[in-house]
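Source file: upload.cif; contents: mmCIF, C-alpha atoms.
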data_final
loop_
_atom_site.label_atom_id
_atom_site.label_comp_id
_atom_site.auth_asym_id
_atom_site.auth_seq_id
_atom_site.Cartn_x
_atom_site.Cartn_y
_atom_site.Cartn_z
CA GLY C 984 -13.95 96.55 76.51
CA ALA C 985 -10.66 94.97 75.43
CA SER C 986 -11.42 91.71 77.20
CA ARG C 987 -14.86 91.45 75.51
CA HIS C 988 -13.28 92.03 72.07
CA TYR C 989 -10.73 89.30 72.80
CA ASP C 990 -13.48 86.86 73.79
CA ASP C 991 -15.39 87.53 70.56
CA CYS C 992 -12.29 86.83 68.43
CA TRP C 993 -11.60 83.61 70.32
CA GLN C 994 -15.13 82.38 69.76
CA ARG C 995 -14.87 83.13 66.04
CA VAL C 996 -11.59 81.17 65.78
CA ALA C 997 -13.12 78.24 67.64
CA GLY C 998 -16.11 78.29 65.32
CA CYS C 999 -13.88 78.20 62.28
CA ASN C 1000 -12.01 75.18 63.66
CA MET C 1001 -15.29 73.39 64.18
CA LEU C 1002 -16.34 74.10 60.60
CA ARG C 1003 -13.16 72.47 59.15
CA VAL C 1004 -13.72 69.06 57.43
CA GLN C 1005 -11.42 66.45 58.88
CA PRO C 1006 -10.26 63.84 56.32
CA GLN C 1007 -11.23 60.33 57.18
CA ARG C 1008 -8.89 57.39 56.57
CA PRO C 1009 -10.42 54.73 54.38
CA THR C 1010 -11.19 51.55 56.17
CA VAL C 1011 -10.51 48.22 54.56
CA SER C 1012 -12.47 45.21 55.68
CA TRP C 1013 -10.32 42.14 55.41
CA GLY C 1014 -13.07 39.80 56.51
CA THR C 1015 -12.67 36.62 58.41
CA ALA C 1016 -10.48 33.64 57.58
CA ALA C 1017 -13.53 31.59 56.52
CA GLU C 1018 -14.55 34.23 54.01
CA ALA C 1019 -10.99 34.35 52.65
CA GLN C 1020 -11.03 30.60 52.14
CA ALA C 1021 -14.45 30.80 50.47
CA GLU C 1022 -13.27 33.23 47.78
CA PRO C 1023 -11.30 30.64 45.71
CA SER C 1024 -14.27 28.27 45.84
CA ARG C 1025 -16.43 31.04 44.40
CA ALA C 1026 -13.92 31.68 41.59
CA GLU C 1027 -13.56 27.98 40.68
CA PRO C 1028 -16.99 27.62 38.99
CA SER C 1029 -16.34 30.62 36.75
CA LEU C 1030 -12.88 29.34 35.78
CA ARG C 1031 -14.28 25.84 35.21
CA GLY C 1032 -17.02 27.27 33.00
CA ALA C 1033 -14.50 29.32 31.02
CA SER C 1034 -12.27 26.27 30.45
CA GLN C 1035 -15.28 24.16 29.44
CA GLY C 1036 -16.37 26.86 27.00
CA ALA C 1037 -12.88 27.06 25.51
CA SER C 1038 -12.72 23.26 25.11
CA GLN C 1039 -16.17 23.20 23.51
CA THR C 1040 -15.11 25.98 21.12
CA ALA C 1041 -11.95 24.10 20.20
CA ALA C 1042 -13.91 20.88 19.68
CA GLY C 1043 -16.44 22.72 17.54
CA SER C 1044 -13.66 24.27 15.45
CA ALA C 1045 -12.00 20.87 14.97
CA SER C 1046 -15.27 19.21 13.97
CA MET C 1047 -16.06 22.04 11.58
CA GLY C 1048 -12.56 21.79 10.07
CA SER C 1049 -12.89 18.04 9.58
CA MET C 1050 -16.33 18.51 8.07
CA VAL C 1051 -15.03 21.12 5.61
CA SER C 1052 -12.05 18.91 4.77
CA SER C 1053 -14.26 15.87 4.15
CA ARG C 1054 -16.60 17.90 1.97
CA MET C 1055 -13.69 19.29 -0.03
CA GLU C 1056 -12.27 15.79 -0.48
CA ALA C 1057 -15.65 14.49 -1.60
CA GLY C 1058 -15.94 17.39 -4.03
CA VAL C 1059 -12.49 16.64 -5.46
CA HIS C 1060 -13.38 12.96 -5.92
CA THR C 1061 -16.68 13.89 -7.56
CA MET C 1062 -14.96 16.31 -9.92
CA ARG C 1063 -12.32 13.72 -10.78
CA ASP C 1064 -14.98 11.10 -11.52
CA GLN C 1065 -16.81 13.58 -13.72
CA VAL C 1066 -13.64 14.39 -15.66
CA ILE C 1067 -12.82 10.70 -16.11
CA GLY C 1068 -16.38 10.01 -17.28
CA PHE C 1069 -16.21 12.90 -19.74
CA GLN C 1070 -12.89 11.67 -21.12
CA ALA C 1071 -14.24 8.12 -21.46
CA GLN C 1072 -17.29 9.43 -23.32
CA GLN C 1073 -15.09 11.44 -25.68
CA ARG C 1074 -12.94 8.36 -26.29
CA GLU C 1075 -15.97 6.23 -27.13
CA VAL C 1076 -17.28 8.85 -29.55
CA GLN C 1077 -13.91 9.13 -31.31
CA MET C 1078 -13.55 5.34 -31.53
CA ALA C 1079 -17.07 4.99 -32.91
CA ILE C 1080 -16.36 7.63 -35.54
CA GLY C 1081 -13.09 5.87 -36.47
CA MET C 1082 -14.82 2.49 -36.86
CA ALA C 1083 -17.61 4.10 -38.89
CA GLN C 1084 -15.04 5.67 -41.22
CA THR C 1085 -13.30 2.30 -41.58
CA ARG C 1086 -16.57 0.63 -42.51
CA ASP C 1087 -17.29 3.38 -45.02
CA LEU C 1088 -13.82 2.92 -46.56
CA LEU C 1089 -14.42 -0.83 -46.67
CA GLN C 1090 -17.63 -0.36 -48.62
CA TYR C 1091 -15.85 2.02 -50.98
CA ILE C 1092 -13.02 -0.46 -51.59
CA PHE C 1093 -15.34 -3.36 -52.36
CA GLY C 1094 -17.50 -1.07 -54.48
CA VAL C 1095 -14.48 -0.19 -56.62
CA TRP C 1096 -13.45 -3.84 -56.72
CA THR C 1097 -16.93 -4.79 -57.94
CA GLY C 1098 -16.63 -2.18 -60.70
CA PHE C 1099 -13.26 -3.51 -61.88
CA ALA C 1100 -14.57 -7.06 -61.76
CA ALA C 1101 -17.59 -6.10 -63.89
CA ILE C 1102 -15.33 -4.39 -66.42
CA GLY C 1103 -13.10 -7.47 -66.56
CA VAL C 1104 -16.06 -9.78 -67.12
CA LEU C 1105 -17.47 -7.62 -69.93
CA ALA C 1106 -14.06 -7.26 -71.58
CA THR C 1107 -13.44 -10.99 -71.41
CA ALA C 1108 -16.86 -11.72 -72.88
CA LYS C 1109 -16.28 -9.29 -75.72
CA HIS C 1110 -12.62 -9.89 -76.59
CA ARG C 1111 -12.30 -13.47 -75.33
CA LYS C 1112 -9.35 -12.30 -73.25
CA PHE C 1113 -9.10 -10.91 -69.74
CA PRO C 1114 -7.43 -7.45 -69.58
CA ALA C 1115 -4.11 -7.85 -67.75
CA PRO C 1116 -4.09 -4.38 -66.11
CA LEU C 1117 -7.30 -5.22 -64.25
CA ALA C 1118 -5.55 -8.06 -62.46
CA ILE C 1119 -3.65 -5.65 -60.19
CA PRO C 1120 -6.64 -3.91 -58.57
CA LEU C 1121 -8.62 -7.12 -58.46
CA LEU C 1122 -5.83 -8.74 -56.42
CA VAL C 1123 -4.73 -5.77 -54.26
CA LEU C 1124 -8.12 -4.39 -53.23
CA PRO C 1125 -9.31 -7.62 -51.50
CA ILE C 1126 -6.10 -7.69 -49.44
CA VAL C 1127 -6.57 -4.10 -48.29
CA GLY C 1128 -10.27 -4.68 -47.77
CA GLY C 1129 -9.61 -7.77 -45.66
CA TYR C 1130 -7.45 -5.72 -43.27
CA GLN C 1131 -10.13 -3.05 -42.98
CA TYR C 1132 -12.83 -5.68 -42.48
CA ASP C 1133 -10.87 -7.23 -39.60
CA PHE C 1134 -10.71 -3.82 -37.89
CA ALA C 1135 -14.29 -2.73 -38.62
CA TYR C 1136 -16.16 -5.98 -37.87
CA HIS C 1137 -13.78 -8.49 -36.25
CA ASN C 1138 -11.45 -8.46 -33.21
CA LYS C 1139 -8.43 -6.57 -34.56
CA LEU C 1140 -9.13 -3.62 -32.26
CA ARG C 1141 -9.03 -5.90 -29.21
CA ARG C 1142 -5.76 -7.48 -30.35
CA VAL C 1143 -4.24 -4.04 -30.86
CA THR C 1144 -5.40 -2.96 -27.38
CA GLN C 1145 -3.80 -6.01 -25.76
CA GLU C 1146 -0.57 -5.33 -27.62
CA ALA C 1147 -0.63 -1.75 -26.34
CA GLU C 1148 -1.05 -3.06 -22.77
CA HIS C 1149 1.96 -5.31 -23.25
CA ILE C 1150 4.08 -2.41 -24.53
CA LEU C 1151 3.09 -0.20 -21.60
CA GLU C 1152 3.98 -2.90 -19.07
CA HIS C 1153 7.06 -4.55 -20.58
CA GLU C 1154 8.52 -2.16 -23.17
CA ARG C 1155 8.60 1.19 -21.43
CA PHE C 1156 12.08 1.79 -22.82
CA ARG C 1157 10.38 2.72 -26.10
CA PHE C 1158 8.98 5.84 -24.43
CA ILE C 1159 12.34 7.30 -23.36
CA PRO C 1160 12.26 10.97 -24.40
CA PRO C 1161 15.25 13.20 -25.24
CA LYS C 1162 17.22 14.19 -22.15
CA GLN C 1163 16.32 17.84 -22.76
CA ALA C 1164 12.63 17.11 -22.16
CA PRO C 1165 11.37 18.45 -18.80
CA PHE C 1166 9.91 15.04 -17.91
CA SER C 1167 12.96 12.98 -18.90
CA GLY C 1168 13.65 12.32 -15.22
CA LEU C 1169 10.63 10.01 -15.10
CA TYR C 1170 12.45 7.56 -17.41
CA GLU C 1171 15.88 7.47 -15.75
CA GLU C 1172 15.48 3.82 -14.70
CA GLU C 1173 14.47 2.74 -18.22
CA ALA C 1174 17.37 4.69 -19.74
CA LYS C 1175 19.87 2.94 -17.43
CA ASN C 1176 18.53 -0.57 -18.12
CA LEU C 1177 18.72 -0.76 -21.91
CA THR C 1178 20.85 -3.90 -21.88
CA GLY C 1179 19.04 -6.70 -23.68
CA THR C 1180 16.69 -4.34 -25.51
CA PRO C 1181 16.75 -3.32 -29.18
CA PHE C 1182 17.77 0.16 -28.05
CA HIS C 1183 21.04 -1.01 -26.52
CA GLY C 1184 24.02 0.34 -28.45
CA ALA C 1185 21.89 2.35 -30.86
CA GLY C 1186 23.43 5.58 -32.14
CA ARG C 1187 21.99 8.69 -33.65
CA VAL C 1188 20.70 8.65 -37.22
CA GLY C 1189 23.60 10.76 -38.43
CA SER C 1190 26.11 8.08 -37.42
CA TYR C 1191 24.88 5.50 -39.98
CA TRP C 1192 25.28 5.04 -43.69
CA PRO C 1193 25.14 7.07 -45.93
CA GLU C 1194 25.80 9.96 -43.54
CA PRO C 1195 29.61 9.53 -43.88
CA ILE C 1196 29.32 10.25 -47.61
CA ARG C 1197 27.50 13.51 -46.94
CA ALA C 1198 30.07 14.45 -44.31
CA TRP C 1199 32.91 13.67 -46.76
CA LEU C 1200 31.29 15.74 -49.51
CA GLU C 1201 30.64 18.73 -47.25
CA GLY C 1202 34.12 18.66 -45.77
CA PRO C 1203 35.35 19.24 -42.22
CA ASN C 1204 32.80 22.01 -41.57
CA SER C 1205 29.87 19.60 -41.71
CA SER C 1206 27.90 18.93 -38.55
CA GLN C 1207 29.10 15.95 -36.52
#
Could you express the structure from this file as structure tokens?
Amino acid sequence: GASRHYDDCWQRVAGCNMLRVQPQRPTVSWGTAAEAQAEPSRAEPSLRGASQGASQTAAGSASMGSMVSSRMEAGVHTMRDQVIGFQAQQREVQMAIGMAQTRDLLQYIFGVWTGFAAIGVLATAKHRKFPAPLAIPLLVLPIVGGYQYDFAYHNKLRRVTQEAEHILEHERFRFIPPKQAPFSGLYEEEAKNLTGTPFHGAGRVGSYWPEPIRAWLEGPNSSQ
């Protein structure tokens, strides 16, 4: 009986050992040398495609940037041309109004002159003597009217424009601002080269006659 019991226990232990799950070591397949050499060739097309895509993206970005820059530059030029055109139109309107006012003044002057001349003729016919006070307006008004006529109908405006061009090109020293002005640095060269110009050696207004008399009357506390 004891030997049978021992055999049964041994069979049970053996059965339990058979039921245990044995861990299996993972197997790694390294492949052959040919397959190992083929792997880089498989990766090259993908890398080449990625580099080509990156270069195409960079080229597209550069072209887009240049396109935006060119459009912005064209927009700036267009806006500048529009501003210049608007300023030129405003200038023409203002000049036209100025010439129209000059012509109106000219008509007024000669209208007044005609009135004084008519009065002088009637007075001379009645009193056999020309009124002396009428001689002043009859002589002065034609002189003033002649100047206005030259501006309104002749070439005075062109002559004035040419003189302005000459001043801008050859007499820039006349535009020298006070040194406290924020843009005085733009005229440093003109301020240093005043020799031979009417501005050379010129002093302030308070240094000329009769300023010394005022300074003497006010005493030592007067401004220098």
Exercise for review: Identify which of the residues C:Ile1126, C:Arg1187, C:Arg1054, C:Ala1100 lies closest to C:Pro1114, counting only C-alpha atoms when measuring atom-to-atom distances.
Suggested key: C:Ala1100
Practice item. Find the residue from C:Gln1163, C:Thr1085, C:Asn1176, C:Ser1190 that sits nearest to C:Leu1140; use all atoms listed in the file when measuring. Key: C:Thr1085
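Interatomic distance, atom CA of C:Ile1150 to atom CA of C:Ser1167: 18.6 Å.
Across the model, the gap from atom CA of C:Glu1148 to atom CA of C:Ile1067 is 19.3 Å.
Relative to atom CA of C:Val1095, atom CA of C:Pro1120 is found at 8.9 Å.
Restricting the calculation to all atoms listed in the file, the smallest distance between C:Lys1175 and any of C:Val1188, C:Met1082, C:Lys1139, C:Phe1156 is found for C:Phe1156.
With all atoms listed in the file as the atoms that count, the minimum distance from C:Phe1093 to the choices C:Leu1117, C:Glu1171, C:Thr1144, C:Gly1128 is reached by C:Gly1128.
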Review point. Which polymer residues have any atom within 12 Å of an atom of C:Glu1154, counting all atoms listed in the file, with same-chain residues fewer than 6 positions away left out, as a ChimeraX atom specification?
Key: /C:1146-1148,1170,1173-1174,1176-1177,1179-1182
Exercise for review: Tell me which protein, DNA and RNA residues are within 12 Å of C:Ala1135, counting all atoms listed in the file, leaving out same-chain ones fewer than 6 positions away, and put them as a PyMOL selection string.
Suggested key: chain C and resi 1078-1090+1128-1129+1141
Limited to C-alpha atoms, could you put the picked residues into a file as a PDB file, in the frame of the given file?
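Printed below is out.pdb as written:
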ATOM      1  CA  MET C1078     -13.550   5.340 -31.530  1.00  0.00           C
ATOM      2  CA  ALA C1079     -17.070   4.990 -32.910  1.00  0.00           C
ATOM      3  CA  ILE C1080     -16.360   7.630 -35.540  1.00  0.00           C
ATOM      4  CA  GLY C1081     -13.090   5.870 -36.470  1.00  0.00           C
ATOM      5  CA  MET C1082     -14.820   2.490 -36.860  1.00  0.00           C
ATOM      6  CA  ALA C1083     -17.610   4.100 -38.890  1.00  0.00           C
ATOM      7  CA  GLN C1084     -15.040   5.670 -41.220  1.00  0.00           C
ATOM      8  CA  THR C1085     -13.300   2.300 -41.580  1.00  0.00           C
ATOM      9  CA  ARG C1086     -16.570   0.630 -42.510  1.00  0.00           C
ATOM     10  CA  ASP C1087     -17.290   3.380 -45.020  1.00  0.00           C
ATOM     11  CA  LEU C1088     -13.820   2.920 -46.560  1.00  0.00           C
ATOM     12  CA  LEU C1089     -14.420  -0.830 -46.670  1.00  0.00           C
ATOM     13  CA  GLN C1090     -17.630  -0.360 -48.620  1.00  0.00           C
ATOM     14  CA  GLY C1128     -10.270  -4.680 -47.770  1.00  0.00           C
ATOM     15  CA  GLY C1129      -9.610  -7.770 -45.660  1.00  0.00           C
ATOM     16  CA  ARG C1141      -9.030  -5.900 -29.210  1.00  0.00           C
TER      17      ARG C1141
END
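Closest approach to C:Gln1131 from the set C:Ile1092, C:Ala1115, C:Ala1106, C:Val1059 is made by C:Ile1092, with distances taken over only C-alpha atoms.
Using only C-alpha atoms, the nearest neighbour of C:Glu1172 within the list C:Phe1158, C:Glu1056, C:Tyr1136, C:Leu1105 is C:Phe1158.
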